[in-house]
Structure formats: C-alpha cells, structure tokens
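*Asks:* The structure file model-v2.cif (mmCIF, C-alpha atoms) is provided below.
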```cif
data_work
loop_
_atom_site.label_atom_id
_atom_site.label_comp_id
_atom_site.auth_asym_id
_atom_site.auth_seq_id
_atom_site.Cartn_x
_atom_site.Cartn_y
_atom_site.Cartn_z
CA ALA Q 1 0.00 0.00 0.00
CA LEU Q 2 2.80 2.44 0.88
CA HIS Q 3 4.73 1.62 -2.27
CA THR Q 4 1.72 2.04 -4.54
CA LEU Q 5 0.08 5.08 -2.97
CA VAL Q 6 3.22 7.03 -2.06
CA ARG Q 7 4.48 6.62 -5.62
CA THR Q 8 1.08 7.76 -6.86
CA LEU Q 9 1.10 10.78 -4.54
CA ALA Q 10 4.63 11.77 -5.55
CA ALA Q 11 4.06 11.27 -9.26
CA GLY Q 12 1.03 13.54 -9.22
CA ALA Q 13 2.31 16.12 -6.76
CA ALA Q 14 3.03 19.77 -7.32
CA ASP Q 15 6.45 19.57 -5.69
CA PRO Q 16 7.16 22.84 -3.83
CA ALA Q 17 10.89 22.05 -3.95
CA ASP Q 18 10.88 22.34 -7.75
CA PRO Q 19 12.03 25.83 -8.83
CA ARG Q 20 9.22 25.94 -11.40
CA CYS Q 21 6.57 25.30 -8.75
CA ALA Q 22 5.93 28.83 -7.51
CA ALA Q 23 2.20 29.47 -7.38
CA HIS Q 24 1.23 29.72 -3.74
CA LEU Q 25 2.47 30.46 -0.23
CA HIS Q 26 3.31 26.82 0.23
CA GLY Q 27 7.00 26.14 0.53
CA PRO Q 28 9.22 23.07 0.63
CA PRO Q 29 9.52 21.80 4.21
CA LEU Q 30 12.93 21.47 5.78
CA ALA Q 31 14.07 17.86 6.14
CA VAL Q 32 14.72 18.34 9.85
CA ALA Q 33 11.15 19.59 10.33
CA ALA Q 34 9.67 16.68 8.36
CA ALA Q 35 11.68 14.21 10.45
CA ALA Q 36 10.48 15.87 13.65
CA ASP Q 37 6.92 15.67 12.39
CA LEU Q 38 7.34 11.94 11.82
CA ALA Q 39 8.39 11.50 15.46
CA VAL Q 40 5.25 13.35 16.53
CA SER Q 41 3.11 11.09 14.34
CA ALA Q 42 4.68 7.97 15.82
CA LEU Q 43 4.25 9.06 19.44
CA ASN Q 44 0.85 10.69 18.70
CA PRO Q 45 0.56 12.94 21.77
CA SER Q 46 -2.43 15.25 22.05
CA LEU Q 47 -2.15 18.67 23.63
CA ASP Q 48 -5.55 18.85 25.25
CA SER Q 49 -4.36 17.54 28.63
CA TRP Q 50 -0.96 17.47 30.25
CA ASP Q 51 -1.00 13.75 31.07
CA GLN Q 52 -1.09 12.92 27.34
CA ALA Q 53 1.89 15.10 26.44
CA PRO Q 54 4.08 16.20 29.35
CA ALA Q 55 7.23 16.89 27.30
CA ALA Q 56 5.37 18.21 24.26
CA SER Q 57 3.44 20.71 26.36
CA GLU Q 58 6.64 22.04 27.96
CA ILE Q 59 8.30 22.36 24.56
CA GLU Q 60 5.27 24.19 23.19
CA ALA Q 61 5.26 26.60 26.13
CA ALA Q 62 8.94 27.41 25.65
CA LEU Q 63 8.56 27.82 21.89
CA THR Q 64 5.51 30.07 21.99
CA ARG Q 65 7.04 32.38 24.59
CA THR Q 66 10.30 32.57 22.64
CA LEU Q 67 8.72 33.40 19.28
CA ALA Q 68 6.21 35.82 20.79
CA ALA Q 69 9.08 37.69 22.42
CA GLU Q 70 10.66 38.16 18.97
CA LEU Q 71 7.46 39.86 17.81
CA TYR Q 72 6.82 41.74 21.06
CA PRO Q 73 10.28 42.55 22.45
CA TYR Q 74 8.81 45.07 24.91
CA GLY Q 75 5.67 43.15 25.87
CA PRO Q 76 5.12 42.43 29.57
CA ALA Q 77 4.65 38.67 29.07
CA PRO Q 78 4.57 37.73 25.36
CA ASP Q 79 2.95 34.43 24.43
CA ALA Q 80 1.36 32.74 21.44
CA LEU Q 81 -1.15 30.04 20.57
CA VAL Q 82 -0.28 27.37 18.02
CA THR Q 83 -2.84 27.24 15.21
CA THR Q 84 -3.40 25.34 12.00
CA GLY Q 85 -2.40 28.43 10.03
CA GLY Q 86 -3.23 32.04 9.33
CA THR Q 87 -6.97 31.46 8.93
CA GLU Q 88 -7.40 29.98 12.41
CA ALA Q 89 -5.10 32.61 13.92
CA ASN Q 90 -7.14 35.43 12.35
CA GLN Q 91 -10.35 33.87 13.65
CA LEU Q 92 -8.89 33.74 17.16
CA ALA Q 93 -7.79 37.38 16.91
CA LEU Q 94 -11.34 38.46 16.06
CA LEU Q 95 -12.75 36.23 18.79
CA LEU Q 96 -10.50 37.82 21.42
CA ALA Q 97 -11.50 41.27 20.17
CA ARG Q 98 -15.17 40.33 20.38
CA GLU Q 99 -14.68 39.14 23.95
CA ARG Q 100 -13.00 42.47 24.82
CA HIS Q 101 -15.61 44.69 23.19
CA GLY Q 102 -18.84 42.72 22.70
CA PRO Q 103 -20.81 41.55 19.67
CA ALA Q 104 -21.28 45.04 18.20
CA LEU Q 105 -17.57 45.15 17.29
CA THR Q 106 -16.85 46.62 13.84
CA VAL Q 107 -14.04 45.01 11.83
CA LEU Q 108 -12.26 47.21 9.28
CA HIS Q 109 -9.76 45.77 6.82
CA GLY Q 110 -8.10 46.74 3.59
CA ALA Q 111 -9.27 45.28 0.31
CA ASN Q 112 -5.83 43.65 0.29
CA ALA Q 113 -6.64 41.58 3.39
CA HIS Q 114 -6.85 37.80 3.43
CA HIS Q 115 -10.31 36.41 2.82
CA SER Q 116 -10.30 34.78 6.27
CA VAL Q 117 -10.82 38.16 7.97
CA PRO Q 118 -14.36 38.92 6.71
CA ARG Q 119 -15.16 35.23 6.94
CA ALA Q 120 -14.15 35.19 10.61
CA ALA Q 121 -16.48 38.12 11.30
CA TRP Q 122 -19.30 36.13 9.71
CA LEU Q 123 -18.47 32.96 11.67
CA LEU Q 124 -18.40 34.89 14.94
CA GLY Q 125 -21.76 36.60 14.38
CA LEU Q 126 -20.20 40.06 14.16
CA PRO Q 127 -21.53 42.79 11.87
CA PRO Q 128 -20.25 42.32 8.30
CA ALA Q 129 -16.61 43.38 8.09
CA ARG Q 130 -16.02 46.58 6.14
CA SER Q 131 -13.46 46.62 3.34
CA LEU Q 132 -11.46 49.80 2.72
CA PRO Q 133 -9.99 50.56 -0.72
CA THR Q 134 -6.31 49.84 -1.32
CA PRO Q 135 -5.70 51.12 -4.86
CA THR Q 136 -1.92 51.02 -4.41
CA GLY Q 137 -2.02 47.55 -2.84
CA THR Q 138 -1.62 48.70 0.77
CA LEU Q 139 -3.92 50.36 3.30
CA HIS Q 140 -3.23 54.11 3.43
CA PRO Q 141 -3.35 55.75 6.89
CA ALA Q 142 -5.53 58.60 5.58
CA THR Q 143 -8.08 56.09 4.28
CA LEU Q 144 -8.19 54.41 7.67
CA ASP Q 145 -8.39 57.75 9.49
CA GLU Q 146 -11.42 58.77 7.46
CA ALA Q 147 -13.11 55.40 7.99
CA LEU Q 148 -12.54 55.43 11.75
CA ALA Q 149 -13.91 58.97 11.99
CA ARG Q 150 -17.17 57.61 10.54
CA THR Q 151 -17.25 54.44 12.68
CA PRO Q 152 -18.96 54.69 16.07
CA GLY Q 153 -18.34 52.15 18.80
CA PRO Q 154 -15.55 49.60 19.28
CA THR Q 155 -13.48 48.79 16.22
CA LEU Q 156 -10.82 46.26 15.27
CA VAL Q 157 -8.55 47.22 12.37
CA THR Q 158 -6.79 44.44 10.50
CA ALA Q 159 -3.58 45.33 8.68
CA THR Q 160 -1.48 42.98 6.56
CA ALA Q 161 2.25 42.28 6.54
CA GLY Q 162 2.66 40.26 3.38
CA THR Q 163 -0.41 40.33 1.14
CA THR Q 164 -1.38 37.12 -0.63
CA ASP Q 165 -1.50 38.67 -4.09
CA ALA Q 166 1.67 40.75 -4.15
CA GLY Q 167 3.54 40.27 -0.85
CA LEU Q 168 3.09 43.91 0.16
CA VAL Q 169 3.33 45.26 3.71
CA ASP Q 170 0.94 47.87 5.06
CA PRO Q 171 2.54 50.90 6.81
CA LEU Q 172 2.13 49.34 10.24
CA ASP Q 173 3.51 52.12 12.41
CA ALA Q 174 1.45 54.83 10.73
CA LEU Q 175 -1.69 52.66 10.92
CA ALA Q 176 -0.99 52.06 14.61
CA ASP Q 177 -0.83 55.84 15.11
CA VAL Q 178 -4.27 56.22 13.49
CA CYS Q 179 -5.72 53.43 15.61
CA ALA Q 180 -4.31 55.01 18.78
CA ARG Q 181 -5.90 58.39 17.95
CA HIS Q 182 -9.32 56.77 17.51
CA GLY Q 183 -9.07 54.21 20.31
CA ALA Q 184 -9.29 51.26 17.88
CA ASP Q 185 -7.55 47.93 18.35
CA LEU Q 186 -5.04 46.78 15.72
CA HIS Q 187 -4.54 43.21 14.53
CA VAL Q 188 -1.76 42.45 12.04
CA ASP Q 189 -2.05 39.46 9.75
CA ALA Q 190 1.65 38.73 9.26
CA ALA Q 191 1.12 35.15 8.15
CA TYR Q 192 3.45 35.69 5.20
CA GLY Q 193 5.89 38.31 6.47
CA GLY Q 194 5.99 37.82 10.23
CA LEU Q 195 9.22 35.83 10.38
CA LEU Q 196 11.07 38.76 8.82
CA ALA Q 197 11.38 39.79 12.46
CA LEU Q 198 14.26 37.29 12.64
CA SER Q 199 16.16 38.88 9.73
CA PRO Q 200 18.32 41.96 10.53
CA ARG Q 201 18.24 42.80 6.82
CA HIS Q 202 14.45 42.79 6.46
CA ARG Q 203 12.90 43.32 9.89
CA ALA Q 204 12.53 47.08 9.30
CA LEU Q 205 9.63 46.23 6.98
CA LEU Q 206 7.71 45.24 10.12
CA HIS Q 207 8.30 48.48 12.04
CA GLY Q 208 5.29 49.04 14.27
CA LEU Q 209 4.27 45.38 14.39
CA ASP Q 210 4.73 45.26 18.16
CA ARG Q 211 2.00 47.90 18.58
CA ALA Q 212 -0.70 45.43 17.52
CA ARG Q 213 -2.97 43.73 20.08
CA THR Q 214 -2.57 40.45 18.16
CA VAL Q 215 -0.30 39.17 15.39
CA THR Q 216 -0.77 36.21 13.06
CA VAL Q 217 2.31 34.32 11.84
CA ASP Q 218 2.41 31.23 9.63
CA LEU Q 219 5.58 29.16 9.66
CA HIS Q 220 4.64 26.90 6.77
CA LYS Q 221 5.40 29.92 4.58
CA LEU Q 222 8.71 31.69 5.30
CA GLY Q 223 9.47 29.18 8.05
CA TRP Q 224 9.65 26.07 5.85
CA GLN Q 225 7.53 23.87 8.11
CA PRO Q 226 5.23 21.04 7.08
CA VAL Q 227 1.60 22.12 7.29
CA ALA Q 228 0.29 23.07 9.79
CA ALA Q 229 2.37 25.62 11.71
CA GLY Q 230 0.53 28.85 12.55
CA LEU Q 231 0.71 31.17 15.55
CA LEU Q 232 -1.37 33.92 17.11
CA ALA Q 233 0.89 36.09 19.26
CA VAL Q 234 -0.04 38.56 22.00
CA PRO Q 235 2.11 40.94 24.08
CA ASP Q 236 0.69 39.69 27.37
CA ALA Q 237 -0.37 36.12 28.15
CA THR Q 238 -3.30 37.44 30.20
CA ASP Q 239 -4.86 38.59 26.91
CA LEU Q 240 -5.59 34.91 26.22
CA ALA Q 241 -7.68 34.45 29.38
CA PRO Q 242 -11.06 34.62 27.55
CA LEU Q 243 -10.23 31.28 25.91
CA GLY Q 244 -10.17 29.52 29.28
CA HIS Q 245 -12.39 26.46 29.39
CA THR Q 246 -12.98 23.55 31.78
CA ALA Q 247 -13.74 19.91 31.09
CA ASP Q 248 -13.33 17.80 34.22
CA TYR Q 249 -11.73 14.84 32.45
CA LEU Q 250 -9.06 17.08 30.92
CA ASN Q 251 -8.31 19.88 33.40
CA ALA Q 252 -10.01 19.10 36.69
CA ALA Q 253 -9.67 21.82 39.31
CA ASP Q 254 -7.78 19.60 41.74
CA ASP Q 255 -5.21 18.70 39.04
CA THR Q 256 -4.74 22.37 38.20
CA ASP Q 257 -4.45 23.24 41.89
CA ALA Q 258 -1.81 20.52 42.22
CA GLY Q 259 0.27 22.25 39.56
CA LEU Q 260 -0.55 20.33 36.38
CA PRO Q 261 -0.59 22.74 33.42
CA ASP Q 262 -4.00 23.61 32.01
CA LEU Q 263 -3.83 23.20 28.23
CA LEU Q 264 -7.49 23.44 27.26
CA GLY Q 265 -7.45 27.22 26.99
CA ARG Q 266 -4.55 27.09 24.53
CA SER Q 267 -6.81 26.34 21.57
CA LEU Q 268 -10.43 26.05 20.47
CA ARG Q 269 -9.58 22.54 19.34
CA THR Q 270 -9.59 19.62 21.75
CA THR Q 271 -7.42 16.89 20.25
CA ARG Q 272 -4.46 18.59 18.57
CA ARG Q 273 -1.00 17.57 17.46
CA PRO Q 274 2.10 19.17 19.01
CA ASP Q 275 2.88 21.17 15.87
CA ALA Q 276 5.20 23.31 17.97
CA PHE Q 277 7.65 20.41 18.16
CA LYS Q 278 8.85 20.54 14.53
CA ILE Q 279 9.22 24.33 14.83
CA ALA Q 280 11.26 23.91 18.02
CA VAL Q 281 13.52 21.33 16.37
CA THR Q 282 14.03 23.65 13.38
CA LEU Q 283 14.94 26.63 15.55
CA ARG Q 284 17.32 24.55 17.66
CA ALA Q 285 19.00 23.21 14.50
CA LEU Q 286 19.21 26.48 12.53
CA GLY Q 287 18.88 29.20 15.13
CA ARG Q 288 17.83 32.77 14.39
CA ASP Q 289 20.76 33.27 12.02
CA GLY Q 290 19.96 30.14 10.04
CA ILE Q 291 16.33 31.10 9.51
CA ALA Q 292 17.38 34.66 8.64
CA ASP Q 293 19.79 33.30 6.02
CA LEU Q 294 17.00 31.27 4.37
CA ILE Q 295 14.74 34.33 4.35
CA ASP Q 296 17.45 36.55 2.89
CA ARG Q 297 18.32 34.02 0.18
CA THR Q 298 14.69 33.66 -0.84
CA CYS Q 299 14.21 37.42 -1.03
CA ARG Q 300 17.35 37.69 -3.18
CA ALA Q 301 15.95 35.09 -5.56
CA ALA Q 302 12.77 37.15 -5.97
CA GLN Q 303 14.84 40.26 -6.70
CA HIS Q 304 16.83 38.31 -9.29
CA LEU Q 305 13.69 37.05 -11.04
CA ALA Q 306 12.24 40.55 -11.05
CA GLY Q 307 15.44 41.88 -12.61
CA LEU Q 308 15.32 39.24 -15.35
CA LEU Q 309 11.72 40.05 -16.21
CA GLU Q 310 12.20 43.81 -16.09
CA ALA Q 311 15.12 43.57 -18.51
CA HIS Q 312 13.35 41.16 -20.85
CA PRO Q 313 11.78 42.76 -23.94
CA ARG Q 314 8.78 40.41 -23.93
CA PHE Q 315 7.65 40.76 -20.31
CA GLU Q 316 6.21 43.47 -18.11
CA LEU Q 317 7.05 43.56 -14.39
CA HIS Q 318 4.33 44.92 -12.13
CA ALA Q 319 6.69 46.23 -9.43
CA ALA Q 320 9.86 45.34 -7.56
CA PRO Q 321 9.02 42.65 -4.98
CA THR Q 322 8.66 43.59 -1.32
CA LEU Q 323 8.94 40.01 -0.06
CA THR Q 324 9.21 37.01 -2.39
CA THR Q 325 6.23 37.50 -4.73
CA VAL Q 326 6.81 38.64 -8.32
CA LEU Q 327 3.92 39.75 -10.56
CA PHE Q 328 4.50 39.89 -14.31
CA ARG Q 329 2.83 39.34 -17.66
CA PRO Q 330 3.85 38.94 -21.30
CA LEU Q 331 3.66 42.21 -23.17
CA GLY Q 332 0.49 42.55 -25.20
CA ALA Q 333 -1.17 39.47 -23.72
CA ARG Q 334 -4.89 39.46 -23.02
CA ASP Q 335 -6.18 38.34 -19.63
CA ASP Q 336 -7.87 35.23 -21.05
CA ASP Q 337 -4.63 34.28 -22.85
CA LEU Q 338 -2.77 34.64 -19.57
CA ALA Q 339 -5.22 32.42 -17.71
CA ALA Q 340 -5.04 29.81 -20.47
CA LEU Q 341 -1.22 29.89 -20.43
CA ARG Q 342 -1.16 29.22 -16.71
CA ARG Q 343 -3.53 26.24 -17.09
CA THR Q 344 -1.51 24.84 -19.99
CA LEU Q 345 1.75 24.99 -18.05
CA LEU Q 346 0.06 23.23 -15.13
CA LYS Q 347 -1.58 20.55 -17.28
CA ASP Q 348 1.66 19.81 -19.12
CA GLY Q 349 3.61 19.61 -15.86
CA ARG Q 350 6.08 22.30 -16.94
CA ALA Q 351 5.43 24.97 -14.29
CA VAL Q 352 2.99 25.88 -11.54
CA LEU Q 353 2.41 29.63 -11.39
CA GLY Q 354 -0.20 31.65 -9.54
CA ARG Q 355 -2.43 34.49 -10.66
CA ALA Q 356 -3.36 37.85 -9.19
CA THR Q 357 -5.38 40.87 -10.24
CA ALA Q 358 -3.75 44.28 -9.86
CA ASP Q 359 -4.47 47.61 -11.53
CA GLY Q 360 -7.51 46.04 -13.15
CA ARG Q 361 -5.45 43.45 -15.02
CA LEU Q 362 -4.55 39.81 -14.56
CA TRP Q 363 -0.92 39.02 -13.77
CA LEU Q 364 1.07 35.84 -13.53
CA LYS Q 365 2.44 35.35 -10.02
CA ALA Q 366 5.66 33.65 -9.00
CA THR Q 367 5.76 33.12 -5.24
CA LEU Q 368 9.32 32.09 -4.43
CA LEU Q 369 9.68 30.13 -1.20
CA ASN Q 370 12.55 27.79 -2.01
CA PRO Q 371 15.82 29.16 -0.59
CA HIS Q 372 17.79 26.72 -2.75
CA THR Q 373 16.49 28.18 -6.00
CA THR Q 374 19.49 29.38 -8.01
CA PRO Q 375 19.83 32.16 -10.60
CA ALA Q 376 20.23 29.40 -13.20
CA ASP Q 377 16.88 27.93 -12.14
CA LEU Q 378 15.22 31.30 -12.62
CA ASP Q 379 16.92 31.84 -15.97
CA ALA Q 380 15.46 28.49 -17.06
CA LEU Q 381 12.00 29.48 -15.84
CA VAL Q 382 12.06 32.71 -17.85
CA THR Q 383 13.27 30.80 -20.91
CA LEU Q 384 10.42 28.32 -20.49
CA LEU Q 385 7.89 31.13 -20.24
CA GLU Q 386 9.35 32.92 -23.24
CA GLY Q 387 8.98 29.77 -25.31
CA SER Q 388 5.39 29.29 -24.15
CA ILE Q 389 3.99 32.66 -25.23
CA HIS Q 390 2.84 33.39 -28.74
CA PRO Q 391 4.95 35.84 -30.73
#
```
Using the file provided, produce a representation of the structure as structure tokens.
*Replies:*
Amino acid sequence: ALHTLVRTLAAGAADPADPRCAAHLHGPPLAVAAAADLAVSALNPSLDSWDQAPAASEIEAALTRTLAAELYPYGPAPDALVTTGGTEANQLALLLARERHGPALTVLHGANAHHSVPRAAWLLGLPPARSLPTPTGTLHPATLDEALARTPGPTLVTATAGTTDAGLVDPLDALADVCARHGADLHVDAAYGGLLALSPRHRALLHGLDRARTVTVDLHKLGWQPVAAGLLAVPDATDLAPLGHTADYLNAADDTDAGLPDLLGRSLRTTRRPDAFKIAVTLRALGRDGIADLIDRTCRAAQHLAGLLEAHPRFELHAAPTLTTVLFRPLGARDDDLAALRRTLLKDGRAVLGRATADGRLWLKATLLNPHTTPADLDALVTLLEGSIHP
C-alpha cells in the first residue's frame, strides 16, 4: 500500500521544492522539520491535557514564549497560541477582540486583506466586516483615518504584513498611530511576512508590528515547516484568558491546583498535534541566524527574477518585490490568454504559477519560497515562459 500510494502521490504532486513550482504560499519543508513531524506522528501525543503530552506541552510553552518575544520585544509577558495556520489565527484574533468589546464590534480591513478576515467576522456573528480601498495595494493611513472617523463604537482594524497577491506590507507604524488616535484595536495578519522579524536585513519592513494587540504568523510559509504551523501572538499572556475552558476529564480543578498545566485554553480545538515540536527542532537546528539566512536568500531570488523580467523585452514587471512574490505578464497578452497559459503549463507539468489581479489586469504570479532556488533555475524558468507565449 505504501509503495503504490506514495508513488502515486509523488508522481502527481506539485512539488514545492521544484524551482518551477511557484504558485502559492506553500514552501518546501525542511528535512529536519519533516523528520520531527514523523516522530510526533509515531508518538501521537495530544495537547488537550498534560498527562497525554508532558514533554510536548513544555516544549510548546517554551517555543511560543520565545517566538512571541521576537514579535513583542517590549511586551510584559509575550505568548502565542499554536494554530493550523493564518486562517485559524485570524479567527482567534477576532474572537479575542469580540470578547474584549462585545458583539457590536466593527471590523475594518483593507481590500488587500486575506479572505479569512471577513469570513471570521461572519463565523463569529459580528456585523459584516467593512473593506477599505487599497488602490496602491496597501492600506493608506488617511483612508483608515477617514473610515474610523465615521465608525462609532468599538473597532478592530486588521492590517497585513505580506499580502497574498503581491507580498506587500501595510505601513504598520502609521496605521498604529491612526488606531491610537481613535481608540481602535489593531490586529496584524503577518502570516506571510511575520518571520522577517528574525532577519536583521528585512525586519525594518515590520516596524510598528509590536504595537498590535494580536499578530498572526504562519511558519509553513517563510518558516519552511510542514503544514500546519501557525501562531497567534499577544504581548501579554493574560490577553488569552477569555479562551479559558474547563472539562473535568481534561483539566479538573484539583489537578490544576496541584500544579498540572492547564492546556485546554490554549486552543479552540480539543485533540491537537504538538505542531510546535517541529518548529522547536528547526529553531534549535538552525537558530535565528539560520532562519534569517534562508529568508534573505529567498528574497534575493525574488529580486533576481524581477530583474530578469524587467530587462526582458517580452515581459512586463508589475513592481519590484517587497517580499518574495513577483507579478509579471507577457507584453500585449490578453487576460484570457494569460489564464489559459497558466492552465496549460500546469496541465503539461512544466510549471505551476499563480495568478493575481492588480491595476484592473490579470498578472502571472511567482511566489518564491525555495531558498535553494538558483539564478540558473530562474533563468530556465524565464526561458520556459518565453517559449510558451505566442509571438
């Protein structure tokens, strides 16, 4: 069964380690992280009660405090919850805001925000989230200021550090200033860009991140973890208190009084894998410098691809990449031709590219997440694309 089905899975996979597989925010996992994940699968601990996972729960506690402190270096007691990804983390952020302010909470977000933000408002029974225009791809502070001036009552503003379509970063510090003037809470969805906090070369892009009430980070993007590996970080662990919950068979009062850790308030899920373990193994193996090097290499690859496309007479580059996403299109191509080209490349197994709409036009999207991609690989990708477009 393993021989037959694993071969079938591999033969029909979109391999994220292939330099021509660059459609989505779904990177190749590090071997050390995959091996750690296998150990977790074999031992099968569940982090809904301490007696099922004594070591795993301690490792998770150390990891979440450590990573949260990188995002909130001046927080009184930074901590984070492990989630299945950015979607769950965004839902938890809105839930915590609802518990702070009540069900009349208004959620404002840029049109560049991830679709999980308005969906979370719907799931939580909040008023429909309001989308603000982002014609340049990021949320402008003046746009937010005007919207908050017209919004009575408690408000949660969601900013983005690493948009899905173009990898752009909202001006976090300026948006935090606007929120402070109006008494609004700020949540930052940094699922894509959050780990730039570990890179001395790129962390300035996140200036102001630590002013948010909550931050989403997703380590199966620029953290090279097997899915799932998300976090919701807060500056003070007491901010997570509304998630507290009791089930006698999992966290009985006498066990808690005796000093056994209470894990049930660490997630809305009951049974859950110790996904923190593979992240902890990765950080112990590579350290901050090792992760920063992978981030820097991947960003350099995106800059190289952008340079190739900008210099090429048959392609149009949308803009220089902020993170690792490059938008481009063949000169003179129609949108329907572009969509058909992408499907043809996928069907033929030659390349997997994404798509994004910007400035009212459709663009091909290369999302580079493989730090081992070389300039020669990117040269070959451009050559392939050149040969695939009609003269």
*Asks:* Could you jot down the atom CA of Leu385 of chain Q to atom CA of Leu168 of chain Q separation for me, Å, one decimal place?
*Replies:*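 Atom CA of Leu168 of chain Q lies at a distance of 24.5 Å from atom CA of Leu385 of chain Q.
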*Asks:* Of the candidates Q:Glu88, Q:Asp145, Q:Asp248, Q:Glu99, which one gets nearest to Val215 of chain Q if we count all atoms listed in the file?
*Replies:*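 Among the listed residues, the smallest separation from Val215 of chain Q belongs to Q:Glu88.
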*Asks:* Select, counting all atoms listed in the file, all protein, DNA and RNA residues no farther than 12 Å from (-11.1, 50.7, 16.2) in file coordinates, and express the selection as an MDAnalysis selection string.
*Replies:* chainID Q and resid 97:98 101 104:109 130 144:159 175:187 212:213
*Asks:* Output the selection as a PDB file, in the coordinates of the input - C-alpha atoms for each residue.
*Replies:*
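The resulting file, part.pdb, is shown below:
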```
ATOM      1  CA  ALA Q  97     -11.500  41.270  20.170  1.00  0.00           C
ATOM      2  CA  ARG Q  98     -15.170  40.330  20.380  1.00  0.00           C
ATOM      3  CA  HIS Q 101     -15.610  44.690  23.190  1.00  0.00           C
ATOM      4  CA  ALA Q 104     -21.280  45.040  18.200  1.00  0.00           C
ATOM      5  CA  LEU Q 105     -17.570  45.150  17.290  1.00  0.00           C
ATOM      6  CA  THR Q 106     -16.850  46.620  13.840  1.00  0.00           C
ATOM      7  CA  VAL Q 107     -14.040  45.010  11.830  1.00  0.00           C
ATOM      8  CA  LEU Q 108     -12.260  47.210   9.280  1.00  0.00           C
ATOM      9  CA  HIS Q 109      -9.760  45.770   6.820  1.00  0.00           C
ATOM     10  CA  ARG Q 130     -16.020  46.580   6.140  1.00  0.00           C
ATOM     11  CA  LEU Q 144      -8.190  54.410   7.670  1.00  0.00           C
ATOM     12  CA  ASP Q 145      -8.390  57.750   9.490  1.00  0.00           C
ATOM     13  CA  GLU Q 146     -11.420  58.770   7.460  1.00  0.00           C
ATOM     14  CA  ALA Q 147     -13.110  55.400   7.990  1.00  0.00           C
ATOM     15  CA  LEU Q 148     -12.540  55.430  11.750  1.00  0.00           C
ATOM     16  CA  ALA Q 149     -13.910  58.970  11.990  1.00  0.00           C
ATOM     17  CA  ARG Q 150     -17.170  57.610  10.540  1.00  0.00           C
ATOM     18  CA  THR Q 151     -17.250  54.440  12.680  1.00  0.00           C
ATOM     19  CA  PRO Q 152     -18.960  54.690  16.070  1.00  0.00           C
ATOM     20  CA  GLY Q 153     -18.340  52.150  18.800  1.00  0.00           C
ATOM     21  CA  PRO Q 154     -15.550  49.600  19.280  1.00  0.00           C
ATOM     22  CA  THR Q 155     -13.480  48.790  16.220  1.00  0.00           C
ATOM     23  CA  LEU Q 156     -10.820  46.260  15.270  1.00  0.00           C
ATOM     24  CA  VAL Q 157      -8.550  47.220  12.370  1.00  0.00           C
ATOM     25  CA  THR Q 158      -6.790  44.440  10.500  1.00  0.00           C
ATOM     26  CA  ALA Q 159      -3.580  45.330   8.680  1.00  0.00           C
ATOM     27  CA  LEU Q 175      -1.690  52.660  10.920  1.00  0.00           C
ATOM     28  CA  ALA Q 176      -0.990  52.060  14.610  1.00  0.00           C
ATOM     29  CA  ASP Q 177      -0.830  55.840  15.110  1.00  0.00           C
ATOM     30  CA  VAL Q 178      -4.270  56.220  13.490  1.00  0.00           C
ATOM     31  CA  CYS Q 179      -5.720  53.430  15.610  1.00  0.00           C
ATOM     32  CA  ALA Q 180      -4.310  55.010  18.780  1.00  0.00           C
ATOM     33  CA  ARG Q 181      -5.900  58.390  17.950  1.00  0.00           C
ATOM     34  CA  HIS Q 182      -9.320  56.770  17.510  1.00  0.00           C
ATOM     35  CA  GLY Q 183      -9.070  54.210  20.310  1.00  0.00           C
ATOM     36  CA  ALA Q 184      -9.290  51.260  17.880  1.00  0.00           C
ATOM     37  CA  ASP Q 185      -7.550  47.930  18.350  1.00  0.00           C
ATOM     38  CA  LEU Q 186      -5.040  46.780  15.720  1.00  0.00           C
ATOM     39  CA  HIS Q 187      -4.540  43.210  14.530  1.00  0.00           C
ATOM     40  CA  ALA Q 212      -0.700  45.430  17.520  1.00  0.00           C
ATOM     41  CA  ARG Q 213      -2.970  43.730  20.080  1.00  0.00           C
TER      42      ARG Q 213
END
```
*Asks:* In Å, how far is it from atom CA of Ala280 of chain Q to atom CA of Ile59 of chain Q?
*Replies:*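 Separating atom CA of Ala280 of chain Q from atom CA of Ile59 of chain Q is a distance of 7.3 Å.
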*Asks:* Would you mind telling me which residue in Q:His390, Q:His114, Q:Arg201, Q:Lys278 lies nearest to Thr160 of chain Q when using only C-alpha atoms?
*Replies:*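 Nearest to Thr160 of chain Q: Q:His114.
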